[in-house]
$ cat entry-v5.cif   # mmCIF, C-alpha atoms (C1' of nucleotides)
data_start
loop_
_atom_site.label_atom_id
_atom_site.label_comp_id
_atom_site.auth_asym_id
_atom_site.auth_seq_id
_atom_site.Cartn_x
_atom_site.Cartn_y
_atom_site.Cartn_z
CA MET L 235 0.63 -35.34 46.11
CA ARG L 236 3.31 -36.88 48.23
CA SER L 237 2.34 -39.61 50.61
CA LYS L 238 2.13 -39.12 54.33
CA ARG L 239 4.76 -41.03 56.28
CA GLU L 240 5.35 -44.48 55.03
CA ARG L 241 8.14 -46.02 56.97
CA SER L 242 11.60 -46.26 55.59
CA SER L 243 12.01 -49.99 55.00
CA LEU L 244 15.34 -49.13 53.42
CA MET L 245 18.58 -51.02 53.36
CA ASN L 246 20.20 -51.12 56.79
CA VAL L 247 23.11 -53.43 57.42
CA GLY L 248 23.34 -52.82 61.14
CA ARG L 249 23.84 -54.81 64.32
CA ARG L 250 20.93 -57.17 63.75
CA VAL L 251 22.39 -58.45 60.51
CA ASP L 252 25.90 -58.49 61.90
CA TYR L 253 24.85 -60.50 64.96
CA ALA L 254 22.72 -62.84 62.88
CA VAL L 255 25.59 -63.64 60.52
CA ARG L 256 27.99 -64.14 63.40
CA ALA L 257 25.57 -66.39 65.27
CA LEU L 258 24.97 -68.48 62.18
CA SER L 259 28.66 -68.74 61.39
CA TYR L 260 29.29 -69.82 64.94
CA LEU L 261 26.65 -72.52 64.65
CA ALA L 262 28.17 -73.56 61.34
CA GLY L 263 31.49 -74.07 63.08
CA GLN L 264 30.09 -76.55 65.58
CA PRO L 265 30.39 -80.31 65.26
CA GLU L 266 27.41 -81.92 63.53
CA GLY L 267 24.34 -82.10 65.77
CA ARG L 268 25.72 -79.95 68.55
CA ILE L 269 23.21 -77.64 70.23
CA VAL L 270 24.35 -74.26 71.47
CA SER L 271 22.53 -71.99 73.88
CA ARG L 272 21.81 -68.33 73.33
CA VAL L 273 23.99 -67.30 76.26
CA ASP L 274 26.88 -69.28 74.85
CA ILE L 275 26.62 -67.63 71.45
CA GLU L 276 26.30 -64.20 73.01
CA LYS L 277 29.40 -64.71 75.13
CA LYS L 278 31.60 -66.14 72.40
CA GLN L 279 30.55 -63.58 69.82
CA ASP L 280 30.41 -60.57 72.13
CA ILE L 281 26.74 -59.91 71.54
CA PRO L 282 24.79 -58.03 74.22
CA SER L 283 22.82 -60.19 76.66
CA TYR L 284 19.27 -61.01 75.69
CA TYR L 285 19.52 -59.18 72.39
CA LEU L 286 20.07 -62.34 70.44
CA SER L 287 16.77 -63.81 71.60
CA LYS L 288 14.85 -61.54 69.27
CA ILE L 289 17.14 -62.29 66.37
CA MET L 290 17.06 -66.03 66.89
CA LYS L 291 13.30 -65.90 66.97
CA ASP L 292 13.34 -64.48 63.45
CA LEU L 293 15.88 -67.02 62.28
CA VAL L 294 13.77 -69.85 63.66
CA ALA L 295 10.60 -68.42 62.14
CA GLY L 296 12.45 -68.08 58.84
CA GLY L 297 13.49 -71.70 58.92
CA LEU L 298 17.22 -71.06 59.01
CA VAL L 299 17.69 -72.35 62.52
CA GLN L 300 16.18 -75.08 64.65
CA SER L 301 15.44 -74.40 68.29
CA HIS L 302 15.39 -76.89 71.14
CA VAL L 303 13.39 -75.86 74.18
CA GLY L 304 14.08 -76.95 77.74
CA SER L 305 17.12 -77.81 79.73
CA LYS L 306 20.16 -78.53 77.54
CA GLY L 307 18.26 -76.71 74.84
CA GLY L 308 19.56 -74.19 72.35
CA PHE L 309 19.98 -73.76 68.64
CA SER L 310 21.42 -75.50 65.63
CA LEU L 311 21.37 -74.83 61.89
CA ALA L 312 18.26 -76.09 60.16
CA ARG L 313 20.26 -76.82 57.00
CA PRO L 314 23.81 -76.93 55.72
CA ALA L 315 25.59 -73.59 56.03
CA GLU L 316 26.37 -73.66 52.31
CA LYS L 317 22.67 -73.41 51.60
CA ILE L 318 22.08 -70.28 53.66
CA SER L 319 22.82 -67.15 51.67
CA VAL L 320 23.66 -63.81 53.20
CA LYS L 321 20.79 -62.32 51.25
CA GLU L 322 18.42 -64.73 52.93
CA VAL L 323 19.83 -63.87 56.33
CA TYR L 324 19.43 -60.17 55.71
CA GLU L 325 15.87 -60.54 54.52
CA THR L 326 14.99 -62.83 57.41
CA VAL L 327 16.15 -60.60 60.23
CA GLU L 328 15.58 -57.27 58.55
CA ARG L 329 13.37 -56.96 55.48
CA PRO L 330 13.46 -57.39 51.71
CA ILE L 331 16.42 -55.70 50.07
CA VAL L 332 15.13 -52.36 48.83
CA LEU L 333 17.51 -49.53 48.03
CA MET L 334 14.93 -46.85 47.39
CA GLU L 335 11.34 -46.72 48.47
CA CYS L 336 9.83 -46.07 45.05
CA LEU L 337 11.08 -49.49 43.94
CA GLN L 338 8.63 -50.97 46.40
CA THR L 339 5.83 -48.45 46.70
CA GLY L 340 5.72 -47.03 43.18
CA GLU L 341 3.31 -44.19 42.48
CA SER L 342 2.35 -43.77 46.09
CA TYR L 343 5.91 -42.71 46.83
CA CYS L 344 6.31 -40.41 43.85
CA SER L 345 3.75 -39.38 41.28
CA PHE L 346 6.35 -39.20 38.52
CA CYS L 347 7.16 -42.86 38.94
CA SER L 348 5.91 -43.96 35.55
CA VAL L 349 8.08 -41.49 33.66
CA CYS L 350 10.97 -41.44 36.11
CA THR L 351 14.43 -41.91 34.72
CA GLN L 352 16.09 -42.14 38.08
CA ARG L 353 14.21 -45.24 39.12
CA SER L 354 15.99 -47.70 36.87
CA ILE L 355 19.33 -46.57 38.24
CA TRP L 356 18.43 -47.74 41.71
CA GLU L 357 16.76 -50.79 40.32
CA VAL L 358 19.99 -51.92 38.69
CA ALA L 359 22.04 -51.08 41.77
CA GLN L 360 19.65 -53.04 43.92
CA ARG L 361 19.77 -56.07 41.66
CA LEU L 362 23.56 -55.94 41.62
CA LEU L 363 23.66 -56.00 45.37
CA ALA L 364 21.01 -58.65 45.84
CA ASN L 365 22.62 -60.96 43.30
CA TYR L 366 25.99 -60.73 44.91
CA LEU L 367 24.62 -61.34 48.39
CA ALA L 368 22.60 -64.29 47.13
CA GLY L 369 25.83 -65.85 45.94
CA VAL L 370 27.58 -65.72 49.29
CA SER L 371 26.73 -68.30 51.93
CA ILE L 372 27.20 -68.64 55.66
CA GLY L 373 29.36 -71.59 54.73
CA ASP L 374 31.69 -69.30 52.80
CA ILE L 375 31.96 -67.02 55.79
CA ALA L 376 32.48 -69.83 58.28
CA MET L 377 35.19 -71.33 56.09
CA GLY L 378 36.80 -67.96 55.62
CA ARG L 379 36.91 -68.41 51.88
CA GLY L 380 38.73 -65.59 50.13
CA LEU L 381 39.14 -63.79 53.38
CA THR L 382 41.82 -62.35 55.61
CA GLU L 383 42.13 -65.04 58.25
CA GLN L 384 40.69 -68.12 59.83
CA LEU L 385 37.38 -67.69 61.55
CA SER L 386 37.18 -67.36 65.32
CA SER L 387 34.60 -70.15 65.43
CA HIS L 388 36.74 -72.62 67.33
CA ASN L 389 37.06 -71.16 70.78
CA MET S 621 33.97 -54.32 74.36
CA ARG S 622 31.34 -52.90 72.14
CA SER S 623 31.31 -49.16 71.50
CA LYS S 624 28.72 -46.90 72.98
CA ARG S 625 26.37 -45.41 70.42
CA GLU S 626 28.04 -44.26 67.29
CA ARG S 627 25.52 -43.00 64.90
CA SER S 628 24.44 -45.06 61.97
CA SER S 629 26.02 -43.27 59.00
CA LEU S 630 24.74 -46.13 56.90
CA MET S 631 23.43 -46.18 53.38
CA ASN S 632 20.13 -44.37 53.09
CA VAL S 633 18.73 -43.57 49.68
CA GLY S 634 15.84 -41.48 50.90
CA ARG S 635 14.10 -38.25 50.03
CA ARG S 636 17.20 -36.09 50.25
CA VAL S 637 18.94 -38.04 47.54
CA ASP S 638 15.80 -38.35 45.47
CA TYR S 639 15.13 -34.60 45.62
CA ALA S 640 18.76 -33.78 44.93
CA VAL S 641 18.84 -35.95 41.83
CA ARG S 642 15.56 -34.54 40.59
CA ALA S 643 16.64 -30.96 41.19
CA LEU S 644 19.92 -31.53 39.38
CA SER S 645 18.20 -33.27 36.46
CA TYR S 646 15.80 -30.39 36.23
CA LEU S 647 18.66 -27.91 36.11
CA ALA S 648 20.33 -30.09 33.50
CA GLY S 649 17.25 -29.79 31.34
CA GLN S 650 17.36 -25.99 31.27
CA PRO S 651 18.77 -23.93 28.40
CA GLU S 652 22.42 -23.00 28.87
CA GLY S 653 22.91 -20.24 31.44
CA ARG S 654 19.34 -20.22 32.70
CA ILE S 655 18.92 -19.60 36.43
CA VAL S 656 16.09 -21.29 38.28
CA SER S 657 14.76 -20.41 41.72
CA ARG S 658 14.24 -22.85 44.54
CA VAL S 659 10.50 -22.30 44.52
CA ASP S 660 10.37 -23.06 40.83
CA ILE S 661 12.23 -26.35 41.25
CA GLU S 662 10.09 -27.32 44.21
CA LYS S 663 6.88 -26.69 42.28
CA LYS S 664 7.90 -28.47 39.11
CA GLN S 665 9.37 -31.45 40.90
CA ASP S 666 6.76 -31.73 43.64
CA ILE S 667 9.23 -31.19 46.45
CA PRO S 668 7.91 -29.83 49.77
CA SER S 669 8.28 -26.08 50.28
CA TYR S 670 11.48 -24.92 51.90
CA TYR S 671 12.90 -28.41 52.12
CA LEU S 672 15.05 -27.95 49.08
CA SER S 673 16.89 -25.02 50.65
CA LYS S 674 18.88 -27.34 52.88
CA ILE S 675 19.68 -29.69 50.04
CA MET S 676 20.75 -26.94 47.67
CA LYS S 677 23.03 -25.59 50.36
CA ASP S 678 24.88 -28.89 50.37
CA LEU S 679 25.02 -29.04 46.60
CA VAL S 680 26.45 -25.53 46.47
CA ALA S 681 28.98 -26.30 49.20
CA GLY S 682 29.93 -29.45 47.31
CA GLY S 683 30.57 -27.50 44.14
CA LEU S 684 27.90 -29.22 42.07
CA VAL S 685 25.69 -26.19 41.78
CA GLN S 686 26.19 -22.44 41.51
CA SER S 687 23.94 -20.13 43.45
CA HIS S 688 22.93 -16.59 42.57
CA VAL S 689 21.72 -14.46 45.44
CA GLY S 690 19.26 -11.61 45.19
CA SER S 691 16.25 -10.80 43.06
CA LYS S 692 16.13 -12.94 39.91
CA GLY S 693 18.54 -15.23 41.69
CA GLY S 694 18.49 -19.00 41.83
CA PHE S 695 20.59 -21.96 40.86
CA SER S 696 22.39 -23.43 37.91
CA LEU S 697 24.73 -26.39 37.43
CA ALA S 698 28.36 -25.65 38.22
CA ARG S 699 29.51 -28.09 35.53
CA PRO S 700 28.18 -30.21 32.69
CA ALA S 701 25.62 -32.76 33.85
CA GLU S 702 27.67 -35.55 32.31
CA LYS S 703 30.40 -34.82 34.83
CA ILE S 704 28.20 -35.18 37.88
CA SER S 705 27.93 -38.78 39.01
CA VAL S 706 25.12 -40.15 41.12
CA LYS S 707 27.70 -41.37 43.59
CA GLU S 708 28.94 -37.82 43.99
CA VAL S 709 25.43 -36.54 44.50
CA TYR S 710 24.72 -39.15 47.13
CA GLU S 711 27.90 -38.42 49.01
CA THR S 712 27.35 -34.68 48.80
CA VAL S 713 23.86 -34.59 50.25
CA GLU S 714 24.12 -37.62 52.49
CA ARG S 715 27.52 -39.10 53.40
CA PRO S 716 30.19 -41.43 52.07
CA ILE S 717 28.80 -44.72 50.79
CA VAL S 718 29.22 -47.17 53.64
CA LEU S 719 27.22 -50.39 53.74
CA MET S 720 28.28 -51.55 57.18
CA GLU S 721 29.76 -49.56 60.00
CA CYS S 722 32.82 -51.74 60.57
CA LEU S 723 34.05 -50.80 57.09
CA GLN S 724 34.44 -47.29 58.38
CA THR S 725 35.07 -47.61 62.10
CA GLY S 726 37.02 -50.87 62.24
CA GLU S 727 37.99 -52.22 65.66
CA SER S 728 35.95 -49.66 67.51
CA TYR S 729 32.83 -51.15 66.01
CA CYS S 730 33.76 -54.78 66.53
CA SER S 731 36.74 -56.23 68.30
CA PHE S 732 36.94 -59.21 65.95
CA CYS S 733 37.49 -56.91 63.00
CA SER S 734 41.00 -58.06 62.22
CA VAL S 735 40.00 -61.72 61.95
CA CYS S 736 36.49 -61.15 60.66
CA THR S 737 35.44 -63.09 57.60
CA GLN S 738 32.18 -61.27 57.19
CA ARG S 739 33.79 -57.93 56.62
CA SER S 740 35.13 -58.58 53.14
CA ILE S 741 31.67 -59.60 52.01
CA TRP S 742 30.29 -56.16 52.71
CA GLU S 743 33.43 -54.57 51.40
CA VAL S 744 32.92 -56.17 48.01
CA ALA S 745 29.23 -55.37 47.98
CA GLN S 746 29.98 -51.77 48.82
CA ARG S 747 32.56 -51.46 46.08
CA LEU S 748 30.15 -52.99 43.58
CA LEU S 749 27.55 -50.40 44.45
CA ALA S 750 29.90 -47.44 44.55
CA ASN S 751 31.46 -48.32 41.21
CA TYR S 752 28.15 -48.63 39.50
CA LEU S 753 26.88 -45.34 40.91
CA ALA S 754 30.10 -43.60 39.95
CA GLY S 755 29.43 -44.62 36.37
CA VAL S 756 26.01 -43.06 36.12
CA SER S 757 25.71 -39.32 35.63
CA ILE S 758 23.01 -36.72 36.04
CA GLY S 759 23.39 -36.30 32.31
CA ASP S 760 22.39 -39.91 31.80
CA ILE S 761 19.33 -39.40 33.93
CA ALA S 762 18.35 -36.12 32.32
CA MET S 763 18.70 -37.67 28.87
CA GLY S 764 16.75 -40.72 29.93
CA ARG S 765 19.42 -43.04 28.58
CA GLY S 766 18.44 -46.68 28.83
CA LEU S 767 15.29 -45.77 30.61
CA THR S 768 11.57 -46.16 30.36
CA GLU S 769 10.56 -42.76 29.05
CA GLN S 770 11.52 -39.21 28.35
CA LEU S 771 12.29 -37.08 31.38
CA SER S 772 9.70 -34.71 32.79
CA SER S 773 12.20 -31.88 32.65
CA HIS S 774 10.40 -29.85 30.03
CA ASN S 775 7.28 -28.60 31.72
"C1'" DA V 764 11.18 -80.99 91.51
"C1'" DC V 765 14.02 -77.75 89.84
"C1'" DA V 766 17.61 -75.68 87.23
"C1'" DT V 767 18.26 -74.62 82.54
"C1'" DG V 768 16.79 -73.51 78.56
"C1'" DG V 769 13.65 -71.04 74.67
"C1'" DT V 770 9.20 -67.90 73.73
"C1'" DA V 771 6.73 -63.87 73.82
"C1'" DG V 772 6.31 -59.60 74.74
"C1'" DA V 773 6.63 -55.09 77.10
"C1'" DC V 774 9.51 -51.26 77.75
"C1'" DC V 775 13.18 -47.62 77.32
"C1'" DT V 776 16.33 -44.14 75.04
"C1'" DA V 777 18.96 -41.70 71.59
"C1'" DA V 778 19.22 -40.30 67.19
"C1'" DG V 779 17.88 -39.59 62.53
"C1'" DA V 780 14.60 -38.54 58.61
"C1'" DG V 781 11.66 -35.49 56.91
"C1'" DG V 782 9.57 -31.27 57.21
"C1'" DT V 783 8.41 -26.14 58.40
"C1'" DC V 784 9.50 -21.55 59.43
"C1'" DT V 785 11.89 -17.07 60.35
"C1'" DA V 786 15.45 -13.53 60.44
"C1'" DT V 787 18.98 -11.67 57.53
"C1'" DA V 788 21.67 -10.16 53.75
"C1'" DT V 789 21.82 -9.43 48.78
"C1'" DT V 790 20.48 -7.83 44.35
"C1'" DC V 791 17.57 -6.37 40.46
"C1'" DA V 792 14.35 -3.21 38.58
"C1'" DA V 793 10.92 0.23 38.76
"C1'" DT A 1009 15.85 4.96 46.50
"C1'" DT A 1010 12.86 1.73 47.63
"C1'" DG A 1011 10.77 -2.70 47.61
"C1'" DA A 1012 10.13 -7.24 45.98
"C1'" DA A 1013 12.42 -11.47 45.20
"C1'" DT A 1014 16.15 -14.25 46.28
"C1'" DA A 1015 19.57 -17.32 48.72
"C1'" DT A 1016 21.63 -18.32 53.50
"C1'" DA A 1017 21.68 -19.83 58.01
"C1'" DG A 1018 19.70 -21.71 61.43
"C1'" DA A 1019 16.20 -23.03 64.90
"C1'" DC A 1020 12.58 -26.05 65.71
"C1'" DC A 1021 9.15 -29.93 65.56
"C1'" DT A 1022 7.40 -34.84 65.19
"C1'" DC A 1023 7.50 -39.49 64.22
"C1'" DT A 1024 9.87 -43.70 63.71
"C1'" DT A 1025 13.54 -46.78 64.23
"C1'" DA A 1026 17.79 -49.15 66.02
"C1'" DG A 1027 19.57 -51.03 69.70
"C1'" DG A 1028 19.15 -52.69 74.02
"C1'" DT A 1029 17.15 -54.63 78.59
"C1'" DC A 1030 14.07 -57.19 81.31
"C1'" DT A 1031 10.32 -60.22 83.01
"C1'" DA A 1032 6.66 -63.67 83.05
"C1'" DC A 1033 5.95 -68.08 81.24
"C1'" DC A 1034 6.40 -72.68 79.48
"C1'" DA A 1035 9.16 -76.94 78.25
"C1'" DT A 1036 12.37 -80.51 79.34
"C1'" DG A 1037 16.34 -83.28 80.87
"C1'" DT A 1038 18.32 -85.20 85.04
#
$ encode --input "entry-v5.cif" --output "structure tokens"
Amino acid sequence: MRSKRERSSLMNVGRRVDYAVRALSYLAGQPEGRIVSRVDIEKKQDIPSYYLSKIMKDLVAGGLVQSHVGSKGGFSLARPAEKISVKEVYETVERPIVLMECLQTGESYCSFCSVCTQRSIWEVAQRLLANYLAGVSIGDIAMGRGLTEQLSSHN
Amino acid sequence: MRSKRERSSLMNVGRRVDYAVRALSYLAGQPEGRIVSRVDIEKKQDIPSYYLSKIMKDLVAGGLVQSHVGSKGGFSLARPAEKISVKEVYETVERPIVLMECLQTGESYCSFCSVCTQRSIWEVAQRLLANYLAGVSIGDIAMGRGLTEQLSSHN
DNA sequence: ACATGGTAGACCTAAGAGGTCTATATTCAA
DNA sequence: TTGAATATAGACCTCTTAGGTCTACCATGT
């Protein structure tokens, strides 16, 4: 039997991740100790108003960012940008990296799981991806290492 | 300015791909020249009734499978299973492999595209994935090469 | 005290994933 | 020649999510 309607939980590198990475890179580009407000980040990075509040909440909860409530409040990185991997960012604002559902749910996704020869294909692909992303940091992105141009973080 | 609501077109290794791979592996496991009906594949592979018809349509249109209309009709592989890559299957039943929208849409997704330092990260990740998937064939899966067990293709 | 911030949460809309069904044309075989 | 078994083409349905917007509330610096 197939299972009823377990939700996708699949890989989705969409706006949330994009905005999160950009916000973090922007923070990384600030002088040490500087606190930046949500509105400021949204304006400089062309992120829709309010939207970032939900993302920052996740980043705070995940321990990647420190928040400062009250007037003159805002956000700053909770640790050095070099120690924040893109994989971590993805998993913080989205979910664990899972390419195919059976890799997470097993038999309840597909009854042939135990004898499936397709499974290991996606397992390898997933590991490939996760490993690469774990090796790239927000610091790398903010510094523009191996990339086309300088970052737009100083505006 | 951000663009209005272009649809996701992102990586999704869901049921369609799963069913397609299983159907193709099943066909690969048949004696040379044998034609198998949709209903047969659905039953043996535990795929919901009718659903496969849409998938097989794509596989036929993509030239991976040959269809035979009429009584005693059905499907058979259009070429040796070793020459059908998983990447090709994915792209035939789903869409081109694209991890993040800006890699496809460019400036119309994000105005910072030309100076973006995040972009190349996803570009590399995407290439990693695509290359790996291009190197795995339905033949590999049907033969169970490097995998846990024998395939369930002989039932 | 009050403007400026984050926090928490409700709410909305469009689109996609997965699934089901039917009408039609084609072909084999009795 | 007829009828059963096929693929083909397409409509249709439902549920969930991505992305976005807004408001009530609380904290804090000046």
$ closest_atom_pairs --input "entry-v5.cif" --of "chain L" --to "chain V" --cutoff "9 Å" --atoms "only C-alpha atoms (C1' of nucleotides)" --output "Markdown table"
| residue | atom | partner | partner_atom | distance |
| --- | --- | --- | --- | --- |
| L:Arg239 | CA | V:DG781 | C1' | 8.9 |
| L:Ser242 | CA | V:DA780 | C1' | 8.8 |
| L:Ser271 | CA | V:DG768 | C1' | 7.6 |
| L:Arg272 | CA | V:DG769 | C1' | 8.7 |
| L:Ser287 | CA | V:DG769 | C1' | 8.5 |
| L:Lys291 | CA | V:DT770 | C1' | 8.2 |
| L:Ser301 | CA | V:DG769 | C1' | 7.4 |
| L:His302 | CA | V:DG769 | C1' | 7.1 |
| L:Val303 | CA | V:DG769 | C1' | 4.9 |
| L:Gly304 | CA | V:DG768 | C1' | 4.5 |
| L:Ser305 | CA | V:DT767 | C1' | 4.4 |
| L:Lys306 | CA | V:DG768 | C1' | 6.1 |
| L:Gly307 | CA | V:DG768 | C1' | 5.1 |
| L:Gly308 | CA | V:DG768 | C1' | 6.8 |
$ resolve_selection --input "entry-v5.cif" --expression "the PyMOL selection byres ((chain S and resi 656) around 12)" --output "ChimeraX atom specification"
/S:643-644,646-655,657-664,676,685-689,691-697 /A:1014-1015
$ atom_distance --input "entry-v5.cif" --atom1 "atom CA of S:Ser728" --atom2 "atom CA of L:Tyr366"
27.1 Å
$ interface_residues --input "entry-v5.cif" --of "chain A" --to "chain S" --cutoff "12 Å" --atoms "all atoms listed in the file" --output "list in words"
DG1011, DA1012, DA1013, DT1014, DA1015, DT1016, DA1017, DG1018, DT1025, DA1026, DG1027 and DG1028 of chain A
$ write_last_selection --input "entry-v5.cif" --atoms "C-alpha atoms (C1' of nucleotides)" --output "PDB file, keeping the file's coordinate frame"
ATOM      1  C1'  DG A1011      10.770  -2.700  47.610  1.00  0.00           C
ATOM      2  C1'  DA A1012      10.130  -7.240  45.980  1.00  0.00           C
ATOM      3  C1'  DA A1013      12.420 -11.470  45.200  1.00  0.00           C
ATOM      4  C1'  DT A1014      16.150 -14.250  46.280  1.00  0.00           C
ATOM      5  C1'  DA A1015      19.570 -17.320  48.720  1.00  0.00           C
ATOM      6  C1'  DT A1016      21.630 -18.320  53.500  1.00  0.00           C
ATOM      7  C1'  DA A1017      21.680 -19.830  58.010  1.00  0.00           C
ATOM      8  C1'  DG A1018      19.700 -21.710  61.430  1.00  0.00           C
ATOM      9  C1'  DT A1025      13.540 -46.780  64.230  1.00  0.00           C
ATOM     10  C1'  DA A1026      17.790 -49.150  66.020  1.00  0.00           C
ATOM     11  C1'  DG A1027      19.570 -51.030  69.700  1.00  0.00           C
ATOM     12  C1'  DG A1028      19.150 -52.690  74.020  1.00  0.00           C
TER      13       DG A1028
END
$ closest_residue --input "entry-v5.cif" --among "L:Ala364, L:Ile372, L:Leu298, L:Met334" --to "chain S" --atoms "all atoms listed in the file"
L:Met334
$ atom_distance --input "entry-v5.cif" --atom1 "atom CA of S:Ile741" --atom2 "atom CA of L:Asp252"
11.5 Å
$ atom_distance --input "entry-v5.cif" --atom1 "atom CA of L:Asn365" --atom2 "atom CA of L:Arg250"
20.9 Å
$ residues_around --input "entry-v5.cif" --residues "stretch 328-333 of chain L" --least-positions-apart "6" --cutoff "6 Å" --atoms "all atoms listed in the file" --output "number ranges by chain"
L: 244-245, 360
$ resolve_selection --input "entry-v5.cif" --expression "the PyMOL selection byres ((chain L and resi 376) around 7)" --output "number ranges by chain"
L: 259, 262-263, 372-375, 377-378, 385
$ closest_residue --input "entry-v5.cif" --among "L:Ala254, L:Val247, L:Cys347, L:Leu293" --to "chain S" --atoms "all atoms listed in the file"
L:Val247
